[in-house]
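Colleague: This is my_file.cif (mmCIF, C-alpha atoms and all ligand atoms).
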```cif
data_target
loop_
_atom_site.group_PDB
_atom_site.id
_atom_site.type_symbol
_atom_site.label_atom_id
_atom_site.label_comp_id
_atom_site.auth_asym_id
_atom_site.auth_seq_id
_atom_site.Cartn_x
_atom_site.Cartn_y
_atom_site.Cartn_z
ATOM 1 C CA MET A 24 105.987 127.116 111.435
ATOM 2 C CA PRO A 25 104.612 124.209 113.431
ATOM 3 C CA SER A 26 106.589 121.006 113.399
ATOM 4 C CA PRO A 27 105.279 118.175 111.236
ATOM 5 C CA LEU A 28 104.171 116.323 114.331
ATOM 6 C CA ARG A 29 102.271 119.333 115.611
ATOM 7 C CA ARG A 30 100.630 119.676 112.232
ATOM 8 C CA PHE A 31 99.587 116.035 112.402
ATOM 9 C CA LEU A 32 98.246 116.431 115.897
ATOM 10 C CA LEU A 33 96.411 119.580 114.914
ATOM 11 C CA ALA A 34 94.990 117.919 111.833
ATOM 12 C CA GLY A 35 93.815 115.047 113.975
ATOM 13 C CA LEU A 36 92.285 117.360 116.519
ATOM 14 C CA LEU A 37 90.480 119.370 113.875
ATOM 15 C CA GLY A 38 89.356 116.155 112.282
ATOM 16 C CA ALA A 39 87.989 114.882 115.564
ATOM 17 C CA LEU A 40 86.176 118.142 116.183
ATOM 18 C CA SER A 41 84.630 118.209 112.753
ATOM 19 C CA SER A 42 83.654 114.577 112.650
ATOM 20 C CA LEU A 43 80.025 113.631 112.816
ATOM 21 C CA PRO A 44 78.485 110.287 113.552
ATOM 22 C CA VAL A 45 78.902 108.183 110.463
ATOM 23 C CA ALA A 46 75.232 107.403 110.312
ATOM 24 C CA ALA A 47 74.327 111.089 110.454
ATOM 25 C CA SER A 48 75.933 111.943 107.150
ATOM 26 C CA PRO A 49 77.818 109.705 104.804
ATOM 27 C CA HIS A 50 79.556 112.829 103.486
ATOM 28 C CA ALA A 51 80.995 114.010 106.756
ATOM 29 C CA THR A 52 83.733 111.442 106.867
ATOM 30 C CA ASN A 53 86.794 113.645 106.965
ATOM 31 C CA GLY A 54 88.861 113.025 110.036
ATOM 32 C CA ILE A 55 86.544 110.372 111.327
ATOM 33 C CA PRO A 56 88.164 108.108 113.870
ATOM 34 C CA PRO A 57 90.128 105.266 112.321
ATOM 35 C CA ASP A 58 87.946 102.626 113.927
ATOM 36 C CA ASP A 59 84.843 104.153 112.338
ATOM 37 C CA ALA A 60 86.612 104.353 108.997
ATOM 38 C CA LEU A 61 87.443 100.678 109.319
ATOM 39 C CA ILE A 62 83.775 99.881 109.890
ATOM 40 C CA LEU A 63 82.856 101.767 106.711
ATOM 41 C CA LEU A 64 85.363 99.701 104.750
ATOM 42 C CA LYS A 65 84.203 96.426 106.270
ATOM 43 C CA ASP A 66 80.570 97.232 105.587
ATOM 44 C CA GLY A 67 81.364 98.202 102.012
ATOM 45 C CA ASN A 68 83.316 95.033 101.385
ATOM 46 C CA ARG A 69 80.517 92.973 102.864
ATOM 47 C CA ARG A 70 78.117 94.560 100.386
ATOM 48 C CA PHE A 71 80.555 93.933 97.543
ATOM 49 C CA VAL A 72 80.978 90.261 98.439
ATOM 50 C CA SER A 73 77.288 89.626 98.906
ATOM 51 C CA GLY A 74 76.319 91.343 95.664
ATOM 52 C CA THR A 75 74.454 94.118 97.443
ATOM 53 C CA ALA A 76 76.805 96.983 96.585
ATOM 54 C CA ILE A 77 75.011 100.318 96.572
ATOM 55 C CA HIS A 78 77.481 102.157 94.306
ATOM 56 C CA PHE A 79 76.725 105.377 96.080
ATOM 57 C CA GLN A 80 78.473 108.713 95.565
ATOM 58 C CA GLN A 81 79.398 107.923 91.996
ATOM 59 C CA ASP A 82 77.047 110.377 90.350
ATOM 60 C CA ALA A 83 77.210 113.917 88.985
ATOM 61 C CA LYS A 84 76.015 115.357 92.273
ATOM 62 C CA ARG A 85 78.921 113.836 94.146
ATOM 63 C CA ARG A 86 81.310 114.879 91.401
ATOM 64 C CA ARG A 87 80.196 118.473 91.685
ATOM 65 C CA GLU A 88 80.212 118.402 95.433
ATOM 66 C CA THR A 89 83.759 117.092 95.700
ATOM 67 C CA ALA A 90 84.985 119.380 92.929
ATOM 68 C CA ASN A 91 83.583 122.422 94.691
ATOM 69 C CA ASN A 92 84.272 121.511 98.288
ATOM 70 C CA GLY A 93 87.475 119.528 97.983
ATOM 71 C CA GLN A 94 88.239 115.952 98.856
ATOM 72 C CA LYS A 95 87.823 114.504 102.306
ATOM 73 C CA PRO A 96 88.771 110.858 101.941
ATOM 74 C CA PHE A 97 88.129 108.877 105.095
ATOM 75 C CA ALA A 98 90.773 106.218 104.441
ATOM 76 C CA ILE A 99 94.085 105.801 102.696
ATOM 77 C CA ILE A 100 94.553 102.569 100.784
ATOM 78 C CA LEU A 101 98.010 101.439 99.721
ATOM 79 C CA THR A 102 97.509 98.501 97.424
ATOM 80 C CA CYS A 103 98.795 96.716 94.354
ATOM 81 C CA ALA A 104 98.415 97.936 90.782
ATOM 82 C CA ASP A 105 96.885 94.554 89.944
ATOM 83 C CA SER A 106 93.803 95.147 87.793
ATOM 84 C CA ARG A 107 91.843 92.663 89.864
ATOM 85 C CA VAL A 108 92.148 94.823 92.976
ATOM 86 C CA PRO A 109 89.958 97.927 92.458
ATOM 87 C CA PRO A 110 89.655 99.606 95.880
ATOM 88 C CA GLU A 111 86.534 101.703 95.240
ATOM 89 C CA LEU A 112 84.698 98.670 93.928
ATOM 90 C CA LEU A 113 85.767 96.169 96.543
ATOM 91 C CA PHE A 114 84.978 98.588 99.371
ATOM 92 C CA ASP A 115 81.829 99.848 97.618
ATOM 93 C CA GLN A 116 82.860 103.484 97.881
ATOM 94 C CA GLY A 117 82.418 106.438 95.601
ATOM 95 C CA ILE A 118 84.211 109.577 94.511
ATOM 96 C CA GLY A 119 86.305 111.330 97.107
ATOM 97 C CA SER A 120 86.097 108.686 99.816
ATOM 98 C CA LEU A 121 89.326 106.742 99.399
ATOM 99 C CA PHE A 122 92.813 108.134 98.934
ATOM 100 C CA VAL A 123 94.355 105.342 96.914
ATOM 101 C CA ILE A 124 97.985 104.602 96.170
ATOM 102 C CA ARG A 125 98.578 101.737 93.803
ATOM 103 C CA VAL A 126 101.934 100.266 92.968
ATOM 104 C CA ALA A 127 103.028 96.773 92.041
ATOM 105 C CA GLY A 128 103.445 94.745 95.203
ATOM 106 C CA ASN A 129 101.966 97.500 97.424
ATOM 107 C CA VAL A 130 105.426 98.553 98.500
ATOM 108 C CA ALA A 131 105.937 101.596 100.700
ATOM 109 C CA GLN A 132 108.890 103.573 99.432
ATOM 110 C CA THR A 133 109.537 107.304 99.097
ATOM 111 C CA ASP A 134 106.774 108.186 96.648
ATOM 112 C CA GLU A 135 104.157 106.016 98.305
ATOM 113 C CA VAL A 136 105.087 107.190 101.792
ATOM 114 C CA ALA A 137 105.045 110.836 100.742
ATOM 115 C CA THR A 138 101.587 110.339 99.281
ATOM 116 C CA ILE A 139 100.379 108.759 102.508
ATOM 117 C CA GLU A 140 101.863 111.674 104.436
ATOM 118 C CA TYR A 141 99.833 114.011 102.251
ATOM 119 C CA GLY A 142 96.677 112.028 102.901
ATOM 120 C CA VAL A 143 97.147 112.128 106.655
ATOM 121 C CA GLY A 144 98.682 115.563 107.062
ATOM 122 C CA HIS A 145 96.693 117.543 104.522
ATOM 123 C CA LEU A 146 93.495 115.647 103.818
ATOM 124 C CA GLY A 147 92.804 114.486 107.338
ATOM 125 C CA SER A 148 92.575 110.768 106.647
ATOM 126 C CA ARG A 149 93.343 108.849 109.796
ATOM 127 C CA LEU A 150 93.137 105.249 108.657
ATOM 128 C CA ILE A 151 95.888 103.762 106.508
ATOM 129 C CA VAL A 152 95.219 100.350 105.023
ATOM 130 C CA VAL A 153 98.012 98.340 103.424
ATOM 131 C CA LEU A 154 96.075 95.951 101.229
ATOM 132 C CA GLY A 155 97.889 92.947 99.835
ATOM 133 C CA HIS A 156 96.100 90.427 97.679
ATOM 134 C CA THR A 157 96.148 86.763 96.813
ATOM 135 C CA LYS A 158 98.130 85.657 93.769
ATOM 136 C CA CYS A 159 100.168 88.868 93.728
ATOM 137 C CA GLY A 160 102.440 88.797 90.703
ATOM 138 C CA ALA A 161 105.074 91.069 92.208
ATOM 139 C CA VAL A 162 105.481 88.888 95.279
ATOM 140 C CA THR A 163 105.377 85.748 93.166
ATOM 141 C CA ALA A 164 108.171 87.112 90.972
ATOM 142 C CA VAL A 165 110.384 87.583 94.000
ATOM 143 C CA VAL A 166 109.536 84.148 95.412
ATOM 144 C CA GLU A 167 110.401 82.557 92.081
ATOM 145 C CA GLY A 168 113.493 84.679 91.583
ATOM 146 C CA ALA A 169 112.152 85.753 88.227
ATOM 147 C CA HIS A 170 114.485 87.707 86.003
ATOM 148 C CA VAL A 171 113.260 91.278 85.746
ATOM 149 C CA GLY A 172 114.637 94.486 84.299
ATOM 150 C CA PRO A 173 116.450 97.074 86.399
ATOM 151 C CA ASN A 174 113.393 99.212 87.109
ATOM 152 C CA LEU A 175 111.294 96.305 88.273
ATOM 153 C CA ALA A 176 114.215 94.963 90.269
ATOM 154 C CA GLN A 177 114.387 98.274 92.106
ATOM 155 C CA LEU A 178 110.639 98.278 92.666
ATOM 156 C CA VAL A 179 110.489 94.807 94.184
ATOM 157 C CA LYS A 180 113.549 95.278 96.389
ATOM 158 C CA PRO A 181 111.456 95.901 99.527
ATOM 159 C CA ILE A 182 109.647 92.614 98.899
ATOM 160 C CA VAL A 183 112.869 90.604 99.109
ATOM 161 C CA PRO A 184 113.193 90.630 102.918
ATOM 162 C CA ALA A 185 109.498 89.779 103.228
ATOM 163 C CA VAL A 186 109.989 86.694 101.096
ATOM 164 C CA ALA A 187 113.099 85.770 103.078
ATOM 165 C CA ARG A 188 111.128 85.995 106.295
ATOM 166 C CA ALA A 189 108.298 83.897 104.894
ATOM 167 C CA GLN A 190 110.838 81.263 103.867
ATOM 168 C CA GLU A 191 112.437 81.367 107.293
ATOM 169 C CA GLN A 192 109.119 80.922 109.062
ATOM 170 C CA ASN A 193 107.942 78.195 106.715
ATOM 171 C CA PRO A 194 110.860 75.843 106.229
ATOM 172 C CA GLY A 195 110.360 73.367 103.447
ATOM 173 C CA VAL A 196 107.370 75.234 102.059
ATOM 174 C CA SER A 197 107.423 76.337 98.439
ATOM 175 C CA GLY A 198 105.164 77.273 95.553
ATOM 176 C CA GLY A 199 101.718 78.701 96.197
ATOM 177 C CA PRO A 200 101.784 78.281 99.988
ATOM 178 C CA LEU A 201 105.081 80.140 100.184
ATOM 179 C CA VAL A 202 103.722 82.909 97.977
ATOM 180 C CA ALA A 203 100.688 83.171 100.278
ATOM 181 C CA ALA A 204 102.919 83.527 103.339
ATOM 182 C CA ALA A 205 105.157 86.019 101.530
ATOM 183 C CA ILE A 206 102.157 88.155 100.567
ATOM 184 C CA LEU A 207 101.272 88.529 104.244
ATOM 185 C CA ALA A 208 104.899 89.177 105.178
ATOM 186 C CA ASN A 209 104.996 91.822 102.467
ATOM 187 C CA VAL A 210 102.024 93.637 103.986
ATOM 188 C CA ASP A 211 103.945 93.710 107.265
ATOM 189 C CA GLN A 212 106.983 94.946 105.424
ATOM 190 C CA ALA A 213 105.132 97.882 103.911
ATOM 191 C CA ILE A 214 103.647 98.783 107.293
ATOM 192 C CA ALA A 215 107.127 98.748 108.790
ATOM 193 C CA ASP A 216 108.683 100.622 105.890
ATOM 194 C CA LEU A 217 106.175 103.444 105.908
ATOM 195 C CA GLN A 218 106.859 104.057 109.572
ATOM 196 C CA GLN A 219 110.578 103.712 109.210
ATOM 197 C CA LEU A 220 110.714 106.086 106.256
ATOM 198 C CA SER A 221 108.377 108.631 107.810
ATOM 199 C CA PRO A 222 108.906 109.838 111.356
ATOM 200 C CA ASP A 223 105.780 111.952 110.833
ATOM 201 C CA LEU A 224 103.622 108.933 110.126
ATOM 202 C CA ALA A 225 105.269 106.854 112.847
ATOM 203 C CA GLY A 226 104.605 109.668 115.306
ATOM 204 C CA ALA A 227 101.006 110.109 114.222
ATOM 205 C CA ILE A 228 100.439 106.365 114.561
ATOM 206 C CA ALA A 229 102.214 106.160 117.911
ATOM 207 C CA HIS A 230 100.087 109.020 119.235
ATOM 208 C CA GLY A 231 96.844 107.533 117.973
ATOM 209 C CA GLN A 232 96.204 110.300 115.446
ATOM 210 C CA ALA A 233 96.411 107.762 112.671
ATOM 211 C CA ARG A 234 96.097 104.024 112.515
ATOM 212 C CA VAL A 235 97.675 101.601 110.093
ATOM 213 C CA VAL A 236 96.192 98.198 109.480
ATOM 214 C CA GLY A 237 97.176 95.400 107.140
ATOM 215 C CA ALA A 238 94.631 93.571 105.022
ATOM 216 C CA LEU A 239 94.448 90.805 102.488
ATOM 217 C CA TYR A 240 92.121 90.847 99.504
ATOM 218 C CA ASP A 241 91.054 87.512 98.089
ATOM 219 C CA ILE A 242 90.755 88.123 94.355
ATOM 220 C CA GLU A 243 88.466 85.126 94.007
ATOM 221 C CA SER A 244 85.948 85.582 96.813
ATOM 222 C CA GLY A 245 86.174 89.372 96.873
ATOM 223 C CA ALA A 246 86.571 89.343 100.639
ATOM 224 C CA VAL A 247 89.000 91.578 102.488
ATOM 225 C CA GLU A 248 90.441 90.135 105.635
ATOM 226 C CA PHE A 249 91.741 92.788 108.010
ATOM 227 C CA LEU A 250 94.836 91.670 109.840
ATOM 228 C CA GLU A 251 94.081 93.487 113.048
ATOM 229 C CA GLY A 252 96.133 93.194 116.187
ATOM 230 C CA SER A 253 99.374 92.869 114.317
ATOM 231 C CA PRO A 254 102.008 93.477 113.197
ATOM 232 C CA ALA A 255 104.095 95.139 115.814
ATOM 233 C CA PRO A 256 104.727 98.794 115.159
ATOM 234 C CA VAL A 257 108.225 99.782 114.326
ATOM 235 C CA GLY A 258 109.892 102.265 116.568
ATOM 236 C CA HIS A 259 109.995 105.470 114.606
ATOM 237 C CA ALA A 260 113.226 106.389 116.305
ATOM 238 C CA ALA A 261 114.830 103.255 114.931
ATOM 239 C CA PRO A 262 118.078 103.695 113.108
ATOM 240 C CA SER A 263 117.706 103.204 109.417
ATOM 241 C CA SER A 264 118.769 99.701 108.715
ATOM 242 C CA GLY A 265 117.553 99.296 105.179
ATOM 243 C CA HIS A 266 115.143 96.662 104.117
ATOM 244 C CA THR A 267 116.919 93.780 105.717
ATOM 245 C CA ALA A 268 115.590 94.454 109.199
ATOM 246 C CA PRO A 269 112.630 92.323 110.143
ATOM 247 C CA PRO A 270 109.741 94.745 110.512
ATOM 248 C CA SER A 271 108.624 93.045 113.661
ATOM 249 C CA ALA A 272 111.850 93.851 115.445
ATOM 250 C CA SER A 273 111.228 96.410 118.124
ATOM 251 C CA HIS A 274 114.542 98.215 117.615
ATOM 252 C CA GLY A 275 114.457 99.022 121.288
ATOM 253 C CA ALA A 276 111.711 101.575 120.908
ATOM 254 C CA ALA A 277 109.061 101.767 123.566
ATOM 255 C CA PRO A 278 106.603 99.069 122.587
ATOM 256 C CA ARG A 279 102.927 99.755 122.426
ATOM 257 C CA PRO A 280 100.563 97.312 124.070
ATOM 258 C CA GLU A 281 99.817 95.592 120.785
ATOM 259 C CA ALA A 282 103.479 94.995 120.268
ATOM 260 C CA HIS A 283 103.419 92.347 122.946
ATOM 261 C CA ALA A 284 100.675 90.395 121.315
ATOM 262 C CA ALA A 285 101.987 90.890 117.857
ATOM 263 C CA PRO A 286 105.140 88.866 117.367
ATOM 264 C CA ALA A 287 104.788 86.794 114.272
ATOM 265 C CA ALA A 288 101.011 86.589 114.569
ATOM 266 C CA HIS A 289 101.279 86.799 110.835
ATOM 267 C CA PRO A 290 102.547 85.792 108.528
ATOM 268 C CA ALA A 291 101.893 82.573 110.306
ATOM 269 C CA PRO A 292 103.520 79.369 109.246
ATOM 270 C CA VAL A 293 101.318 78.165 106.453
ATOM 271 C CA SER A 294 100.349 75.114 108.463
ATOM 272 C CA THR A 295 98.741 77.341 111.070
ATOM 273 C CA PRO A 296 95.422 78.837 110.053
ATOM 274 C CA ALA A 297 96.062 81.926 112.146
ATOM 275 C CA HIS A 298 94.628 84.373 109.704
ATOM 276 C CA HIS A 299 91.610 82.579 108.384
HETATM 277 ZN ZN ZN B 301 99.924 92.366 93.228
#
```
Spit out the file's structure as structure tokens when you get a sec.
Modeller:
Amino acid sequence: MPSPLRRFLLAGLLGALSSLPVAASPHATNGIPPDDALILLKDGNRRFVSGTAIHFQQDAKRRRETANNGQKPFAIILTCADSRVPPELLFDQGIGSLFVIRVAGNVAQTDEVATIEYGVGHLGSRLIVVLGHTKCGAVTAVVEGAHVGPNLAQLVKPIVPAVARAQEQNPGVSGGPLVAAAILANVDQAIADLQQLSPDLAGAIAHGQARVVGALYDIESGAVEFLEGSPAPVGHAAPSSGHTAPPSASHGAAPRPEAHAAPAAHPAPVSTPAHH
């Protein structure tokens, strides 16, 4: 029985071997390199924003094809359950292209992480997008210290350290601007959590078999801003320190090149337009 890491590496290798140029066939997207997958998402969002969405692969033919041949999603999207954040629409994608996990506040805990592991390890997706969005109710609830029931309290727990970090980095800031900073910090948090909770994913990311990128969806303009170049990856060998550890801390793991450029690139202090 191959180790999980070997399975990931094998999946990545097979994916690379089976991948075709994106332009050659829009269907042959399984295992496509993460950078190419990112281009597909950016192009789709551009169409969505400009009102030129093509709504492709949403017909009976595609339904049949994916039912008979299985799913080969080219990207994994972890995003919020917010009804204003529909991934297939905002990336102008069809059936079988996106492996989507939606949960209030786009948190990455056991169920979400396991689902991502399935997408990478079994379906061959190599790009993981953690997509936060403006005016997120879950993050806002934590910022405002809203009283919630026990289930919701458990759900938003991972958001708490993100809000604390946003407060720390933006002293004196409150209200909407603080929520905006916390939303970005919460994307970082999920990226850190998914690596901390899954040595398989952390290993796949560290070895370049998978890539994780944060993004912010503007529910008004429809635009997705990809937060590339940060945050710093979390060492997958890091001791479990719960949700109180800043995700940007290196935990002494060997830093990747990006880690040097990453510290606190976002969430930036709200006075610094670092991500716009
Ligand atoms: Zn939300």
Colleague: Closest to Val126 (chain A) among A:Asn68, A:Thr102, A:Gln232, A:Gln219, using only C-alpha atoms?
Modeller: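 Result for the nearest residue to Val126 (chain A): A:Thr102.
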Colleague: Report, in Å to a single decimal, how far apart CA of Leu239 (chain A) and CA of His156 (chain A) are.
Modeller: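 It comes out at 5.1 Å.
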Colleague: In Å to one decimal, how far is CA of Leu121 (chain A) from CA of Phe97 (chain A)?
Modeller: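 CA of Leu121 (chain A) lies 6.2 Å from CA of Phe97 (chain A).
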Colleague: For Ala137 (chain A), which residue out of A:Gly155, A:Gly245, A:Pro222, A:Gly172 is the nearest one, using only C-alpha atoms?
Modeller: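 Smallest distance to Ala137 (chain A) is found for A:Pro222.
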Colleague: Need the shell around Val183 (chain A): protein/DNA/RNA residues with any atom at most 10 Å away, counting all atoms listed in the file. Skip same-chain ones fewer than 6 positions apart. Format as a list in words?
Modeller: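 In the requested format, the answer is Val162, Val165, Val166, Gly168, Ala176, Ala189, Ala205, Asn209, Gln212, His266 and Thr267 of chain A.
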Colleague: With C-alpha atoms retained, could you export that selection as a PDB file, in the coordinates of the input?
Modeller:
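New file out_8.pdb:
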```pdb
ATOM      1  CA  VAL A 162     105.481  88.888  95.279  1.00  0.00           C
ATOM      2  CA  VAL A 165     110.384  87.583  94.000  1.00  0.00           C
ATOM      3  CA  VAL A 166     109.536  84.148  95.412  1.00  0.00           C
ATOM      4  CA  GLY A 168     113.493  84.679  91.583  1.00  0.00           C
ATOM      5  CA  ALA A 176     114.215  94.963  90.269  1.00  0.00           C
ATOM      6  CA  ALA A 189     108.298  83.897 104.894  1.00  0.00           C
ATOM      7  CA  ALA A 205     105.157  86.019 101.530  1.00  0.00           C
ATOM      8  CA  ASN A 209     104.996  91.822 102.467  1.00  0.00           C
ATOM      9  CA  GLN A 212     106.983  94.946 105.424  1.00  0.00           C
ATOM     10  CA  HIS A 266     115.143  96.662 104.117  1.00  0.00           C
ATOM     11  CA  THR A 267     116.919  93.780 105.717  1.00  0.00           C
TER      12      THR A 267
END
```
Colleague: Do you know which residues the PyMOL selection byres (((not hetatm)) within 10 of (chain B and resi 301)) returns on this file, as an mmCIF file with C-alpha atoms, in the frame of the given file?
Modeller:
```cif
data_model
loop_
_atom_site.group_PDB
_atom_site.id
_atom_site.type_symbol
_atom_site.label_atom_id
_atom_site.label_comp_id
_atom_site.auth_asym_id
_atom_site.auth_seq_id
_atom_site.Cartn_x
_atom_site.Cartn_y
_atom_site.Cartn_z
ATOM 1 C CA THR A 102 97.509 98.501 97.424
ATOM 2 C CA CYS A 103 98.795 96.716 94.354
ATOM 3 C CA ALA A 104 98.415 97.936 90.782
ATOM 4 C CA ASP A 105 96.885 94.554 89.944
ATOM 5 C CA SER A 106 93.803 95.147 87.793
ATOM 6 C CA ARG A 107 91.843 92.663 89.864
ATOM 7 C CA VAL A 108 92.148 94.823 92.976
ATOM 8 C CA ARG A 125 98.578 101.737 93.803
ATOM 9 C CA VAL A 126 101.934 100.266 92.968
ATOM 10 C CA ALA A 127 103.028 96.773 92.041
ATOM 11 C CA GLY A 128 103.445 94.745 95.203
ATOM 12 C CA ASN A 129 101.966 97.500 97.424
ATOM 13 C CA VAL A 130 105.426 98.553 98.500
ATOM 14 C CA LEU A 154 96.075 95.951 101.229
ATOM 15 C CA GLY A 155 97.889 92.947 99.835
ATOM 16 C CA HIS A 156 96.100 90.427 97.679
ATOM 17 C CA THR A 157 96.148 86.763 96.813
ATOM 18 C CA LYS A 158 98.130 85.657 93.769
ATOM 19 C CA CYS A 159 100.168 88.868 93.728
ATOM 20 C CA GLY A 160 102.440 88.797 90.703
ATOM 21 C CA ALA A 161 105.074 91.069 92.208
ATOM 22 C CA VAL A 162 105.481 88.888 95.279
ATOM 23 C CA THR A 163 105.377 85.748 93.166
ATOM 24 C CA ILE A 206 102.157 88.155 100.567
#
```
Colleague: Here is a test: counting all atoms listed in the file, which residue of A:Glu248, A:Glu191, A:Asp223, A:Asp59 is nearest to Gly144 (chain A)?
Modeller: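 Looking at the shortest contact to Gly144 (chain A), the residue is A:Asp223.
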Colleague: I'd like the residues picked by the PyMOL selection byres (((chain A and resi 246) around 9) and not hetatm) written out as a list in words, using the chain letters and numbers from the file.
Modeller: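 So the PyMOL selection byres (((chain A and resi 246) around 9) and not hetatm), applied here, picks out Asn68, Arg69, Phe71, Val72, Leu113, Leu239, Tyr240, Asp241, Ile242, Glu243, Ser244, Gly245, Val247 and Glu248 of chain A.
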Colleague: Calculate how many Å separate CA of Val152 (chain A) from CA of Arg86 (chain A), rounding to one decimal.
Modeller: 24.3 Å
Colleague: From the options A:Asn91, A:Leu220, A:Gly198, A:Gln132, which residue's atoms come nearest to Ile182 (chain A), counting only C-alpha atoms?
Modeller: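 Among the listed residues, A:Gln132 lies closest to Ile182 (chain A).
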Colleague: Around region 206-216 of chain A, with edges along x, y and z and 8 Å added on all six sides, what centre and edge lengths do you get, in Å to one decimal, as lines of an AutoDock Vina configuration file?
Modeller:
```
center_x = 105.0
center_y = 94.4
center_z = 104.7
size_x = 23.4
size_y = 28.5
size_z = 24.2
```
Colleague: Anything within 6 Å of (92.9, 108.3, 103.1): list those residues as a list in words, counting only C-alpha atoms and sticking to the file's coordinates.
Modeller: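 Residues with an atom close enough to that point: Pro96, Phe97, Ala98, Ile99, Leu121, Phe122, Gly142 and Ser148 of chain A.
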Colleague: Convert the current residue selection to file output with C-alpha atoms, as a PDB file, in the frame of the given file.
Modeller:
```pdb
ATOM      1  CA  PRO A  96      88.771 110.858 101.941  1.00  0.00           C
ATOM      2  CA  PHE A  97      88.129 108.877 105.095  1.00  0.00           C
ATOM      3  CA  ALA A  98      90.773 106.218 104.441  1.00  0.00           C
ATOM      4  CA  ILE A  99      94.085 105.801 102.696  1.00  0.00           C
ATOM      5  CA  LEU A 121      89.326 106.742  99.399  1.00  0.00           C
ATOM      6  CA  PHE A 122      92.813 108.134  98.934  1.00  0.00           C
ATOM      7  CA  GLY A 142      96.677 112.028 102.901  1.00  0.00           C
ATOM      8  CA  SER A 148      92.575 110.768 106.647  1.00  0.00           C
TER       9      SER A 148
END
```
Colleague: Let me make sure I understand: among A:Leu250, A:Ile77, A:Ile100, A:Leu64, which one has the smallest atom-to-atom distance to Val143 (chain A) if we use all atoms listed in the file?
Modeller: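 Smallest separation from Val143 (chain A) among the options: A:Ile100.
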Colleague: Taking only C-alpha atoms into account, which of A:Ile139, A:Leu101, A:Ala76, A:Ala60 comes nearest Asp115 (chain A)?
Modeller: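 Among the listed residues, A:Ala76 lies closest to Asp115 (chain A).
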